[in-house]
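Colleague: Quick one, target.txt (compact mmCIF, C-alpha atoms):
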```txt
# COMPACT_ATOMS: atom_id res chain seq x y z
CA MET A 1 170.45 45.44 86.66
CA SER A 2 169.46 48.86 87.97
CA GLY A 3 171.96 51.70 87.86
CA PRO A 4 171.84 55.37 88.72
CA ASP A 5 169.89 56.21 85.55
CA THR A 6 167.30 53.56 86.30
CA LEU A 7 166.97 54.73 89.88
CA ALA A 8 166.42 58.35 88.82
CA ALA A 9 163.92 57.57 86.03
CA PRO A 10 160.26 58.44 86.64
CA LEU A 11 158.00 55.53 87.54
CA SER A 12 156.23 53.79 84.69
CA PRO A 13 152.43 53.42 85.02
CA GLY A 14 152.89 49.79 86.11
CA GLU A 15 155.50 50.82 88.68
CA GLN A 16 153.19 53.58 89.93
CA ASP A 17 150.40 51.04 90.47
CA ARG A 18 152.74 48.70 92.33
CA ALA A 19 154.12 51.58 94.39
CA LEU A 20 150.63 52.74 95.39
CA ALA A 21 149.66 49.20 96.35
CA ALA A 22 152.85 48.82 98.43
CA LEU A 23 152.30 52.18 100.12
CA TRP A 24 148.68 51.27 100.85
CA ASP A 25 149.80 48.00 102.47
CA LEU A 26 152.31 49.89 104.56
CA LEU A 27 149.66 52.38 105.65
CA ARG A 28 147.22 49.59 106.49
CA HIS A 29 149.84 47.88 108.59
CA GLN A 30 150.69 51.09 110.42
CA ALA A 31 147.01 51.84 110.99
CA ALA A 32 146.39 48.37 112.41
CA LEU A 33 149.35 48.70 114.77
CA TRP A 34 148.32 52.17 115.87
CA SER A 35 144.63 51.36 116.41
CA GLY A 36 145.09 47.93 117.95
CA GLY A 37 143.22 46.29 115.06
CA ASP A 38 140.25 48.65 114.61
CA THR A 39 138.83 48.74 111.09
CA SER A 40 138.73 52.51 110.59
CA LEU A 41 140.47 55.69 111.64
CA THR A 42 139.56 59.32 111.41
CA GLU A 43 140.75 61.05 108.24
CA GLU A 44 142.95 63.28 110.34
CA ARG A 45 144.70 60.33 111.97
CA THR A 46 145.06 58.53 108.63
CA ARG A 47 146.65 61.61 107.05
CA SER A 48 149.00 61.91 109.98
CA LEU A 49 150.09 58.27 109.70
CA LEU A 50 150.60 58.74 105.97
CA ALA A 51 152.61 61.93 106.48
CA SER A 52 154.77 60.10 109.01
CA LEU A 53 155.37 57.25 106.56
CA LEU A 54 156.27 59.56 103.69
CA TYR A 55 158.60 61.65 105.83
CA THR A 56 160.37 58.53 107.11
CA LEU A 57 160.69 57.09 103.61
CA GLY A 58 162.15 60.44 102.56
CA ALA A 59 164.77 60.06 105.28
CA ALA A 60 165.61 56.60 103.93
CA ALA A 61 166.00 58.02 100.43
CA GLU A 62 168.36 60.72 101.73
CA GLU A 63 170.45 58.15 103.59
CA ASP A 64 170.63 55.93 100.52
CA GLY A 65 171.45 58.93 98.35
CA VAL A 66 168.65 58.11 95.91
CA PRO A 67 165.52 59.92 94.75
CA ARG A 68 162.37 58.91 96.60
CA GLU A 69 160.99 57.30 93.42
CA ALA A 70 163.80 54.76 93.61
CA LEU A 71 162.57 53.55 96.99
CA LEU A 72 159.09 53.05 95.62
CA ARG A 73 160.52 50.44 93.26
CA GLY A 74 161.94 48.41 96.12
CA ASP A 75 161.12 46.88 99.49
CA LEU A 76 159.11 49.56 101.30
CA PRO A 77 159.00 47.94 104.75
CA ALA A 78 162.80 47.62 104.67
CA ALA A 79 163.09 51.24 103.50
CA LEU A 80 160.81 52.30 106.36
CA GLU A 81 163.11 50.65 108.87
CA ARG A 82 166.17 52.31 107.30
CA GLY A 83 164.35 55.62 107.48
CA ARG A 84 163.57 55.10 111.15
CA SER A 85 167.21 54.29 111.87
CA ALA A 86 168.27 57.45 110.06
CA LEU A 87 165.80 59.57 112.02
CA ALA A 88 166.86 57.95 115.29
CA LYS A 89 170.47 59.01 114.59
CA ARG A 90 169.36 62.55 113.77
CA LEU A 91 167.33 62.60 116.98
CA GLU A 92 170.35 61.60 119.01
CA ALA A 93 172.53 64.25 117.38
CA ALA A 94 169.90 66.93 117.94
CA GLY A 95 169.54 65.82 121.55
CA ALA A 96 173.28 66.23 122.07
CA ARG A 97 173.12 69.72 120.57
CA TRP A 98 170.24 70.60 122.94
CA VAL A 99 172.24 69.43 125.94
CA GLU A 100 175.16 71.64 124.81
CA LEU A 101 172.91 74.65 124.37
CA ARG A 102 171.44 74.16 127.82
CA ARG A 103 174.93 74.69 129.23
CA VAL A 104 175.31 78.07 127.51
CA SER A 105 173.61 81.02 129.14
CA PRO A 106 171.94 83.58 126.89
CA PRO A 107 172.92 87.23 127.40
CA GLY A 108 170.06 87.61 129.86
CA PRO A 109 166.80 86.03 131.04
CA ASN A 110 164.04 85.96 128.44
CA VAL A 111 160.90 83.90 128.96
CA TYR A 112 160.60 82.99 125.28
CA TYR A 113 164.20 81.82 125.03
CA GLN A 114 164.04 79.81 128.27
CA GLY A 115 160.59 78.49 127.45
CA THR A 116 161.65 77.33 124.02
CA LEU A 117 164.70 75.49 125.34
CA THR A 118 162.48 73.76 127.89
CA GLU A 119 159.94 72.90 125.20
CA LEU A 120 162.66 71.46 122.99
CA GLY A 121 163.57 69.16 125.86
CA ARG A 122 159.95 68.00 125.84
CA PHE A 123 160.22 67.45 122.10
CA PHE A 124 162.72 64.65 122.70
CA ARG A 125 160.40 62.98 125.21
CA ARG A 126 157.27 63.34 123.14
CA TYR A 127 158.65 62.65 119.65
CA ASP A 128 156.89 59.63 118.11
CA LEU A 129 159.29 58.08 115.63
CA ARG A 130 156.92 55.26 114.67
CA TYR A 131 153.58 56.97 114.08
CA ALA A 132 154.15 60.73 113.91
CA ALA A 133 157.73 61.16 112.71
CA HIS A 134 156.77 64.30 110.78
CA ASP A 135 155.34 65.99 113.83
CA ILE A 136 156.93 68.67 116.01
CA PRO A 137 155.36 68.03 119.42
CA CYS A 138 156.39 71.19 121.20
CA ALA A 139 155.86 74.93 121.10
CA ILE A 140 158.83 76.87 119.69
CA ASP A 141 158.26 80.56 120.31
CA TYR A 142 161.71 82.12 120.47
CA PRO A 143 162.24 83.81 117.10
CA LEU A 144 165.48 83.04 115.24
CA LEU A 145 167.24 85.59 113.06
CA ARG A 146 166.20 83.43 110.11
CA PRO A 147 163.30 81.01 110.75
CA VAL A 148 163.67 77.35 109.87
CA PRO A 149 161.87 76.79 106.56
CA GLU A 150 158.35 75.48 107.08
CA ARG A 151 158.98 72.60 104.69
CA GLU A 152 161.18 70.99 107.36
CA GLN A 153 159.38 68.42 109.47
CA GLY A 154 159.83 66.36 112.60
CA VAL A 155 163.33 65.87 113.95
CA ASP A 156 164.81 67.75 110.96
CA TYR A 157 162.97 70.91 112.02
CA ALA A 158 164.14 70.57 115.61
CA ALA A 159 167.69 69.77 114.52
CA GLU A 160 167.87 72.77 112.19
CA TYR A 161 166.37 75.07 114.83
CA LEU A 162 168.99 73.94 117.35
CA ARG A 163 171.77 74.30 114.77
CA ARG A 164 170.77 77.92 114.10
CA LEU A 165 170.33 78.64 117.81
CA GLY A 166 173.84 77.29 118.33
CA TRP A 167 175.27 79.61 115.68
CA GLU A 168 173.46 82.56 117.25
CA SER A 169 174.79 81.58 120.65
CA ALA A 170 178.35 81.47 119.27
CA PHE A 171 177.83 84.93 117.72
CA LEU A 172 176.59 86.42 120.99
CA SER A 173 179.47 84.93 122.97
CA ALA A 174 181.83 87.26 121.08
CA PHE A 175 180.36 90.32 122.81
CA ARG A 176 180.52 91.45 126.41
CA ARG A 177 177.34 90.62 128.23
CA GLY A 178 177.17 94.10 129.77
CA THR A 179 177.29 95.70 126.32
CA LEU A 180 174.51 93.51 125.01
CA LEU A 181 172.33 94.16 128.04
CA ARG A 182 172.74 97.94 127.68
CA LEU A 183 171.68 97.69 124.06
CA TYR A 184 168.59 95.65 124.95
CA GLU A 185 167.67 97.87 127.90
CA ARG A 186 167.73 100.94 125.69
CA GLU A 187 166.04 99.56 122.64
CA VAL A 188 163.63 96.80 123.71
CA PRO A 189 161.37 97.78 126.64
CA GLY A 190 160.55 94.74 128.76
CA TRP A 191 162.94 92.60 126.69
CA ALA A 192 162.89 89.81 129.28
CA ASP A 193 159.22 89.15 128.60
CA VAL A 194 158.80 89.72 124.86
CA PRO A 195 159.59 87.47 121.89
CA PHE A 196 162.67 89.22 120.50
CA ASN A 197 165.85 87.80 119.05
CA PHE A 198 169.04 88.41 121.02
CA CYS A 199 171.16 88.69 117.85
CA ASP A 200 169.06 91.06 115.81
CA LEU A 201 170.21 94.45 117.09
CA PRO A 202 173.83 93.43 117.77
CA LEU A 203 174.15 92.01 114.26
CA THR A 204 173.13 95.26 112.58
CA ASN A 205 175.46 97.38 114.67
CA ALA A 206 178.31 94.88 114.31
CA LEU A 207 177.81 94.95 110.54
CA GLY A 208 177.91 98.73 110.54
CA ARG A 209 181.18 98.82 112.48
CA THR A 210 182.65 96.14 110.21
CA LEU A 211 181.74 98.11 107.09
CA LEU A 212 183.63 101.05 108.59
CA GLY A 213 186.65 98.86 109.23
CA LEU A 214 186.16 99.07 113.00
CA ASP A 215 186.34 96.35 115.61
CA PRO A 216 182.74 95.09 115.82
CA ARG A 217 182.90 94.10 119.49
CA PRO A 218 182.10 97.47 121.13
CA LEU A 219 178.85 97.40 119.08
CA ASP A 220 177.94 101.01 119.74
CA ILE A 221 177.70 103.33 116.73
CA PRO A 222 178.13 107.00 117.74
CA ALA A 223 176.68 109.78 115.61
CA ALA A 224 179.94 110.49 113.78
CA GLU A 225 180.29 106.87 112.67
CA ARG A 226 176.68 106.83 111.62
CA ARG A 227 177.27 109.88 109.40
CA GLU A 228 180.17 108.03 107.83
CA LEU A 229 177.96 105.00 107.20
CA THR A 230 175.36 107.24 105.57
CA ARG A 231 178.05 108.62 103.22
CA LEU A 232 179.25 105.08 102.47
CA LEU A 233 175.81 103.63 101.75
CA ALA A 234 173.83 106.53 100.27
CA GLY A 235 172.81 106.31 96.64
CA ARG A 236 173.13 102.55 96.45
CA GLY A 237 170.29 100.36 95.25
CA GLU A 238 168.92 97.47 97.30
CA GLY A 239 170.91 94.92 95.33
CA GLU A 240 174.16 96.74 95.99
CA LEU A 241 173.28 97.07 99.66
CA ARG A 242 172.63 93.31 99.85
CA ALA A 243 176.04 92.62 98.39
CA LEU A 244 177.73 95.09 100.75
CA LEU A 245 175.95 93.67 103.78
CA GLY A 246 176.72 90.12 102.70
CA GLY A 247 180.37 90.97 102.30
CA GLY A 248 180.25 92.73 105.64
CA ALA A 249 178.89 89.58 107.24
CA GLU A 250 181.79 87.56 105.86
CA GLY A 251 184.19 90.06 107.35
CA LEU A 252 182.28 90.09 110.63
CA CYS A 253 182.32 86.29 110.93
CA GLY A 254 186.05 86.31 110.28
CA ALA A 255 186.60 88.97 112.94
CA LEU A 256 184.55 87.01 115.48
CA GLY A 257 186.13 83.66 114.66
CA LEU A 258 182.94 82.11 113.29
CA GLU A 259 184.50 79.71 110.82
CA GLU A 260 181.82 77.06 110.28
CA PRO A 261 180.56 77.39 106.69
CA GLY A 262 176.94 76.89 107.77
CA ALA A 263 177.22 79.69 110.32
CA ARG A 264 178.84 82.04 107.81
CA ALA A 265 176.09 81.38 105.28
CA TYR A 266 173.47 81.91 107.97
CA PHE A 267 174.79 85.30 109.05
CA ARG A 268 175.41 86.30 105.47
CA GLY A 269 171.74 85.62 104.74
CA ALA A 270 170.66 87.48 107.89
CA ALA A 271 172.78 90.46 106.85
CA GLU A 272 171.37 90.52 103.35
CA ASP A 273 167.84 90.36 104.82
CA ARG A 274 168.50 93.86 106.24
CA ALA A 275 168.91 95.45 102.82
CA PRO A 276 165.26 96.52 102.32
CA ARG A 277 165.04 98.21 105.70
CA LEU A 278 168.38 99.88 105.19
CA ALA A 279 167.34 101.10 101.74
CA ALA A 280 164.15 102.60 103.18
CA ALA A 281 166.05 104.33 105.98
CA LEU A 282 168.61 105.74 103.54
CA GLU A 283 165.79 107.12 101.45
CA GLY A 284 164.56 108.97 104.52
CA GLY A 285 168.09 110.10 105.24
CA ASP A 286 168.03 108.82 108.80
CA LEU A 287 169.95 105.75 109.92
CA SER A 288 169.56 106.43 113.66
CA ARG A 289 167.00 103.62 114.03
CA VAL A 290 169.16 101.18 112.04
CA PHE A 291 172.67 101.72 113.42
CA LEU A 292 172.12 102.45 117.08
CA THR A 293 173.84 104.62 119.62
CA PHE A 294 173.25 103.16 123.04
CA LEU A 295 176.30 104.18 125.03
CA PRO A 296 176.95 107.72 126.36
CA ASP A 297 179.10 109.91 124.09
CA VAL A 298 182.34 110.29 126.04
CA THR A 299 184.08 112.30 123.34
CA GLY A 300 181.81 115.33 123.61
CA THR A 301 181.23 115.40 119.81
CA MET B 1 148.55 64.89 101.09
CA GLU B 2 144.84 65.21 100.21
CA ASP B 3 145.47 63.85 96.70
CA MET B 4 147.74 61.12 97.98
CA LEU B 5 145.11 59.86 100.43
CA ALA B 6 142.41 59.95 97.75
CA LEU B 7 144.73 57.97 95.46
CA LEU B 8 145.44 55.44 98.16
CA ARG B 9 141.76 55.04 99.05
CA GLY B 10 141.28 53.64 95.57
CA GLN B 11 143.44 50.72 96.68
CA ASN B 12 140.73 49.47 99.03
CA ALA B 13 139.69 46.68 96.68
CA PRO B 14 135.89 46.75 96.29
CA ALA B 15 135.86 43.11 95.15
CA GLU B 16 137.64 42.04 98.33
CA CYS B 17 135.16 43.95 100.50
CA ARG B 18 132.17 42.56 98.60
CA GLN B 19 133.47 39.01 99.00
CA ALA B 20 133.94 39.52 102.74
CA VAL B 21 130.34 40.77 103.09
CA LEU B 22 128.85 37.92 101.06
CA ALA B 23 130.93 35.38 102.99
CA CYS B 24 128.90 36.40 106.08
CA ASN B 25 125.86 34.70 104.52
CA GLU B 26 127.37 31.41 105.70
CA ALA B 27 126.82 32.52 109.31
CA SER B 28 123.55 34.43 108.84
CA VAL B 29 121.74 31.78 106.79
CA ARG B 30 121.01 29.80 109.95
CA TYR B 31 118.81 32.72 111.04
CA GLY B 32 117.06 32.79 107.68
CA LEU B 33 118.91 35.93 106.63
CA THR B 34 121.14 36.40 103.61
CA LEU B 35 122.27 39.30 101.46
CA THR B 36 122.01 39.29 97.70
CA GLU B 37 124.87 40.65 95.59
CA GLY B 38 122.80 43.74 94.91
CA GLU B 39 122.18 44.29 98.61
CA ALA B 40 125.89 43.84 99.34
CA GLU B 41 126.71 46.47 96.69
CA GLU B 42 124.20 48.88 98.22
CA LEU B 43 125.68 48.34 101.67
CA LEU B 44 129.16 49.05 100.32
CA ALA B 45 127.95 52.19 98.56
CA GLY B 46 126.34 53.24 101.83
CA ARG B 47 129.61 52.48 103.56
CA SER B 48 131.51 54.98 101.39
CA ALA B 49 128.94 57.70 102.03
CA ALA B 50 128.80 56.98 105.77
CA LEU B 51 132.60 57.03 106.07
CA ARG B 52 132.79 60.38 104.29
CA ALA B 53 130.03 61.82 106.47
CA ALA B 54 131.78 60.64 109.64
CA GLY B 55 135.21 61.79 108.43
CA ARG B 56 136.68 58.30 108.58
CA VAL B 57 138.85 56.04 106.45
CA GLU B 58 138.68 52.27 106.31
CA LEU B 59 141.85 50.46 105.36
CA GLY B 60 140.68 46.97 104.66
CA GLU B 61 137.45 45.00 104.49
CA GLY B 62 135.96 47.28 107.12
CA ILE B 63 133.38 46.87 109.86
CA LEU B 64 130.56 45.32 107.80
CA PRO B 65 131.50 41.65 108.28
CA LYS B 66 131.83 42.14 112.07
CA LEU B 67 128.62 44.15 112.17
CA ILE B 68 126.72 41.47 110.24
CA ARG B 69 127.97 38.71 112.54
CA ALA B 70 127.04 40.80 115.62
CA PHE B 71 123.47 41.52 114.47
CA CYS B 72 122.36 38.63 112.23
CA SER B 73 121.09 36.72 115.30
CA SER B 74 118.91 39.64 116.45
CA PRO B 75 115.26 38.73 117.00
CA TYR B 76 114.36 42.12 115.50
CA LEU B 77 115.76 41.40 112.05
CA ASP B 78 113.89 39.60 109.31
CA ARG B 79 114.19 39.23 105.56
CA ASP B 80 112.27 42.42 104.93
CA ASN B 81 114.31 44.73 107.09
CA TYR B 82 117.71 42.92 107.16
CA ALA B 83 119.68 44.82 104.51
CA GLY B 84 118.12 48.19 105.31
CA THR B 85 118.75 47.87 109.05
CA LEU B 86 122.35 46.80 108.46
CA GLY B 87 122.82 49.97 106.42
CA GLU B 88 121.44 52.12 109.22
CA LEU B 89 123.56 50.31 111.82
CA GLN B 90 126.64 50.83 109.68
CA GLU B 91 125.98 54.55 109.51
CA ILE B 92 125.34 54.70 113.26
CA PHE B 93 128.55 52.79 113.94
CA TYR B 94 130.79 55.18 111.99
CA TYR B 95 129.08 58.25 113.37
CA TYR B 96 129.43 57.22 116.98
CA LYS B 97 132.92 55.85 116.53
CA SER B 98 133.94 59.41 115.69
CA GLU B 99 131.67 60.97 118.30
CA CYS B 100 133.41 58.93 120.98
CA PHE B 101 136.79 60.20 119.69
CA ASP B 102 137.74 56.57 119.01
CA ARG B 103 137.82 55.92 122.76
CA LEU B 104 135.79 52.77 122.21
CA THR B 105 137.27 49.94 120.18
CA ASP B 106 135.25 48.48 117.31
CA ASP B 107 134.33 45.48 119.43
CA GLU B 108 133.27 47.57 122.42
CA LEU B 109 131.00 49.77 120.34
CA LEU B 110 129.47 46.81 118.51
CA GLU B 111 128.87 45.04 121.80
CA VAL B 112 126.99 48.02 123.19
CA MET B 113 125.04 48.57 120.00
CA ALA B 114 123.93 44.95 119.83
CA ALA B 115 123.02 44.80 123.53
CA VAL B 116 120.90 47.97 123.34
CA PHE B 117 119.35 47.16 119.94
CA ASN B 118 118.22 43.76 121.17
CA GLY B 119 117.26 45.11 124.61
CA ARG B 120 115.99 48.54 125.48
CA ALA B 121 115.72 49.72 121.87
CA GLN B 122 113.62 46.69 120.83
CA GLY B 123 115.02 46.83 117.30
CA SER B 124 114.68 50.61 116.86
CA THR B 125 117.77 52.20 115.30
CA ASP B 126 116.34 55.65 116.13
CA PHE B 127 116.18 54.79 119.82
CA LEU B 128 119.63 53.21 119.66
CA ALA B 129 121.22 56.28 118.09
CA GLY B 130 119.19 58.99 119.75
CA THR B 131 119.29 57.82 123.33
CA SER B 132 121.74 55.19 124.41
CA LEU B 133 124.63 55.98 122.10
CA GLU B 134 124.43 59.68 122.90
CA ALA B 135 124.80 58.77 126.56
CA LEU B 136 127.62 56.37 125.75
CA CYS B 137 129.53 59.03 123.87
CA ARG B 138 129.11 61.56 126.68
CA TYR B 139 130.86 59.16 129.00
CA ALA B 140 133.52 58.22 126.47
CA ARG B 141 134.29 61.89 125.66
CA GLY B 142 134.38 62.71 129.34
CA GLY B 143 137.07 60.07 129.82
CA ASP B 144 134.98 58.04 132.24
CA ALA B 145 134.93 54.31 131.77
CA TRP B 146 131.80 54.03 129.69
CA ALA B 147 130.49 51.31 131.92
CA ALA B 148 130.11 53.90 134.68
CA GLY B 149 127.00 55.12 132.89
CA ARG B 150 125.43 51.72 132.29
CA GLU B 151 121.99 52.82 133.38
CA ASP B 152 121.89 55.61 130.84
CA VAL B 153 123.15 53.32 128.10
CA PHE B 154 121.35 50.05 128.71
```
So, in terms of structure tokens, how does the structure I just supplied come out?

Modeller:
Amino acid sequence: MSGPDTLAAPLSPGEQDRALAALWDLLRHQAALWSGGDTSLTEERTRSLLASLLYTLGAAAEEDGVPREALLRGDLPAALERGRSALAKRLEAAGARWVELRRVSPPGPNVYYQGTLTELGRFFRRYDLRYAAHDIPCAIDYPLLRPVPEREQGVDYAAEYLRRLGWESAFLSAFRRGTLLRLYEREVPGWADVPFNFCDLPLTNALGRTLLGLDPRPLDIPAAERRELTRLLAGRGEGELRALLGGGAEGLCGALGLEEPGARAYFRGAAEDRAPRLAAALEGGDLSRVFLTFLPDVTGT
Amino acid sequence: MEDMLALLRGQNAPAECRQAVLACNEASVRYGLTLTEGEAEELLAGRSAALRAAGRVELGEGILPKLIRAFCSSPYLDRDNYAGTLGELQEIFYYYKSECFDRLTDDELLEVMAAVFNGRAQGSTDFLAGTSLEALCRYARGGDAWAAGREDVF
């Protein structure tokens, strides 16, 4: 009787041979279905079919909560079908997330943002669950604050991209559109037509205001506040800055009502990513290109 | 992925492929043509090299049995040139299968090859490959139904 320890154990040489033979049979079957019975395929097509099989079997292993090796001991065709069911569910959930995001307007028109949302719609039409499950059949050009790891494939990549885009959308909704647009107009020439991330500049300024104990929503950082930030942050190493920024992100998420743990971790990571640039700017003694002033100074200081 | 595919290729049982090739002797013997075990081995070795050269993978007994059955009745094959010509035809098949971007099925390509080999090419594999199949692939790559260029092919 197999138990968790048996499932997790590496394959014996005999099991490896049987697993390879079973995988080969599965690949042969897939190839025959795909080619309509032809006796050979290009190497490229064969690798693609194999990648699709392995990715789908991986999905089955995740659903079953077992290591992939455990599947290789069992009924592979049945595991393939379970994997396909799992991916179909993920596809549906990602599709629902896409529909939600389509209803939310970004701060302003940007060809890369709009184009990517349109392309993601095409993803759901073009996605080939049976023969190219690992593939991402669309062009995704809008840059996220933190890119989806390249190890993600197929529907998992699209789902993760949409998840992150959703978090970014929730972040942006906390700020007045007019404020965001003024920031972009000042800092990103031709922002409607370039691949820039809507959250990038607001996040840094919002972090700065949070570190000063200010309401992050106005976003602007006048010169006086920037001097205070310089005093607060000067002399700290990159590690310390990472920790400060990470803590600042937690505070920022709390202030903006971003409660989802995934979102908080995402913005924490994005905040910490700013540490090297901040450290370099502090070394030069000039934070004016990090924490931005984009509104007129009404105080006369 | 590269290693995994190489590992899996080893699963293509050579014994099974050899048996399938030798089984074709039952059909070809009526034309006075048979393959020895040595000739079958050589054809299978040639198959591996031709597949690699054409960037293709076979997942089963492959095209050889079908190719043998398609050509064994050719008036241009005899005992002296049988095995050698099959080897050349095998190479031509894989090459042009890729050149046509797989737009022709196995059966379609074999049908054309056999018709031209036994017709216009008069048993010349050079003519087959250098003239008619080049024309065939131009049509196939261009997306035209290959039969549209029948004159160039046949």

Colleague: Tell me, in Å to one decimal, how far CA of Asp200 in chain A is from CA of Leu145 in chain A.

Modeller: 6.4 Å

Colleague: Tell me as a PyMOL selection string which residues belonging to chain A come within 6 Å of chain B, counting all atoms listed in the file.

Modeller: chain A and resi 24+28+38-43

Colleague: Taking 2 positions as the minimum chain separation for residues in the same chain, which residues sit within 12 Å of Ala280 in chain A when counting all atoms listed in the file? Answer as a ChimeraX atom specification.

Modeller: /A:233-238,241,274-278,282-287,289-290

Colleague: In Å, how far is it from CA of Ala249 in chain A to CA of Leu172 in chain A?

Modeller: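 For CA of Ala249 in chain A relative to CA of Leu172 in chain A, the distance reads 14.3 Å.
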
Colleague: If we count only C-alpha atoms and set the cut-off at 12 Å, which residues sit around Ala129 in chain B, ignoring sequence neighbours fewer than 5 positions away in its own chain? Please answer as a count of residues only.

Modeller: 26

Colleague: Between CA of Pro149 in chain A and CA of Tyr161 in chain A, what is the distance in Å, rounded to a tenth?

Modeller: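 A separation of 9.6 Å between them.
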